[in-house]
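Inspection log for the structure reproduced underneath, given as structure tokens.
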Amino acid sequence: MMKKVAQHQPMEGITVFEVENKIDHLTYLDDMEQIDPTIRLQVEEAFRSYDPATFTEAEVKRALAADPVTPRDFAALLSPAAEPFLEEMAQRARVEKRRFFGDNVYLFTPIYLANYCENYCIYCGFNCHNKIRRAQLDTDQIEAEMAAIAETGLEEILILTGESRNKSTVEYLGEACKIAARYFKNVGLEVYPMNTDEYAYLRECGADYVTVFQETYDPDRYEELHLAGHKRVFPYRLESQERALRGGMRGVAFAALLGLADFRRDAFATGMHAYLLQKKYPHAEISFSCPRLRPIANNDQINPHDVHERQLLQVMCAYRIFLPFAGMTISTREREGFRNNVIDIAATKISAGVSTGIGGHEGEEQGDDQFEIADPRSVDEVVAAIRARGLQPVMNDYVYV
């Protein structure tokens with residue numbers, strides 16, 4: 001499938017190979033649906049044309065005073081010139097969060113059904129060449145896990161798997177969604193990208209929204225990091241959210257994995273991707289995830305060395321100011337103190353009682369984790385922390401009739 005040609009080391013802990021691969025990272029495979037590429041091309045152009053170093057202090061000040069905020073303002077807020085204005089950005093972000101979400105903070109937890117994967121993404125613990133304990137839950141085990149999670153009071157679940165269509169088939173995911181819909185009011189999916197008809201099927205089975213990490217919007221860096229598997233096809237992944245909306249999903253979430261490439265350019269492309277899709281699909285519920293690299297099994301050196309907490313907060317505040325109505329998730333990739341603070345500033349959703357291994361809610365984990373978490377608190381502990389800040393924990397705000 002691949003031939004190693006040369007090796008170099010662009011960041012500590014990650015070895016990258018230039019490869020000759022049968023899968024062209026810019027060419028769709030036969031089973032991949034192609035849709036109108038307009039939005040994808042606009043996002044790619046936004047990434048190419050954004051130069052964070054060109055913005056000035058005056059442009060940042062104008063952006064902080066702007067209403068509404070333009071894409072140019074958003075670009076300024078992500079630039080190095082905005083770093084000295086982080087306090088002002090946080091204050092503006094907090095105002096916008098209160099305006100659209102009040103004091104509410106939504107809770108959920110992920111459930112990992114399987115860690116089999118057919119991709120070779122060198123920063124991910126599930127990658128097909130990493131020697132980890134593989135497992136997959138059957139329907140009885142899925143039911144037991146979801147029942148245990150529901151006992152904590154949570155009413156939203158995010159279903160995850162490794163990216164293996166052979167192991168985690170669309171039908172398997174559909175059965176998981178049907179089980180989840182019996183226990184939870186809001187069911188999310190973070191699995192491999194699909195075609196429109198497959199998303200429509202999973203919507204019928206009970207799924208409400210889809211999250212896809214583009215990982216990086218830099219096509220050259222993307223090619224370096226994704227050495228094999230369907231995930232290697234850059235444009236198909238980038239169009240996932242639009243196919244999900246075309247399939248009837250109520251909402252979609254966007255993310256770049258900060259630390260894989262130039263985080264400012266990745267954050268700008270992420271924001272523009274969400275902005276453009278919101279304009280085309282105004283009914284869609286748009287949200288962001290804000291993940292940074294974390295250590296993985298067999299490689300504890302992987303970290304986002306150039307993306308520190310101040311930079312992460314800058315990105316989150318810029319998202320909030322640019323798209324104030326968008327949801328925003330802060331995961332257990334981040335430490336407790338940071339998560340407690342950011343739900344008062346920009347984030348609207350927080351995970352709790354998290355296990356990134358296979359199983360672990362109802363009994364012992366059967367398969368290894370995707371990455372190491374930094375905040376292992378239970379649901380009750382996170383609820384208490386939310387209330388301690390004068391905020392309102394919300395398990396669900398949807399009513400089905």
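Ligands are numbered from 1 in the order shown, chains are lettered A, B, ... in the order of the structure tokens, and residues start at 1 in each chain.
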Skip Ala114 in chain A itself and residues of its chain fewer than 2 positions away, then list as a compact mmCIF listing (two decimals) with N, CA and C atoms, in the first residue's frame all residues within 6 Å of it, counting only C-alpha atoms.
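The new file around.txt reads:
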# COMPACT_ATOMS: atom_id res chain seq x y z
N TYR A 112 -17.34 5.38 23.16
CA TYR A 112 -16.54 4.77 22.10
C TYR A 112 -16.99 3.32 21.92
N TYR A 116 -11.27 -0.15 16.10
CA TYR A 116 -10.69 -0.64 14.85
C TYR A 116 -10.64 0.51 13.85
N ALA A 135 -11.01 -3.57 20.22
CA ALA A 135 -12.26 -4.16 20.69
C ALA A 135 -13.42 -3.46 20.02
N GLN A 136 -14.57 -4.13 20.03
CA GLN A 136 -15.80 -3.55 19.54
C GLN A 136 -16.96 -4.06 20.39
N THR A 161 -16.38 5.95 16.95
CA THR A 161 -15.69 4.71 16.60
C THR A 161 -14.37 5.07 15.93
N GLY A 162 -13.49 4.09 15.79
CA GLY A 162 -12.40 4.24 14.84
C GLY A 162 -12.98 4.24 13.44
N ILE A 358 -12.69 1.64 24.91
CA ILE A 358 -13.89 0.92 24.48
C ILE A 358 -14.54 0.29 25.71
Legend entry - Contacts of range 324-331 of chain A at 7 Å (only C-alpha atoms; same-chain gap of 6+ positions) as an MDAnalysis selection string: chainID A and resid 96:97 100 286:290 339 347:351
Legend entry - Test item: residues at most 10 Å from Arg72 in chain A, only C-alpha atoms, excluding those fewer than 6 positions along its chain, as a ChimeraX atom specification: /A:50,55,59-60,63,322
Given the selection you just returned, output its residues as a file containing N, CA and C atoms, formatted as an mmCIF file, in the first residue's frame.
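The new file again.cif reads:
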data_model
loop_
_atom_site.group_PDB
_atom_site.id
_atom_site.type_symbol
_atom_site.label_atom_id
_atom_site.label_comp_id
_atom_site.auth_asym_id
_atom_site.auth_seq_id
_atom_site.Cartn_x
_atom_site.Cartn_y
_atom_site.Cartn_z
ATOM 1 N N TYR A 50 -4.969 33.542 3.877
ATOM 2 C CA TYR A 50 -4.850 34.143 5.211
ATOM 3 C C TYR A 50 -3.396 34.184 5.663
ATOM 4 N N PHE A 55 -1.675 41.538 10.052
ATOM 5 C CA PHE A 55 -2.667 42.350 10.757
ATOM 6 C C PHE A 55 -2.010 43.252 11.798
ATOM 7 N N GLU A 59 -6.274 47.188 13.464
ATOM 8 C CA GLU A 59 -7.296 46.299 12.918
ATOM 9 C C GLU A 59 -7.926 45.442 14.008
ATOM 10 N N VAL A 60 -7.142 45.039 14.986
ATOM 11 C CA VAL A 60 -7.682 44.267 16.108
ATOM 12 C C VAL A 60 -8.675 45.119 16.905
ATOM 13 N N ALA A 63 -11.861 45.368 15.070
ATOM 14 C CA ALA A 63 -12.596 44.113 15.136
ATOM 15 C C ALA A 63 -13.330 43.962 16.465
ATOM 16 N N PHE A 322 -17.008 35.979 16.443
ATOM 17 C CA PHE A 322 -17.355 35.920 15.020
ATOM 18 C C PHE A 322 -18.734 35.293 14.796
#
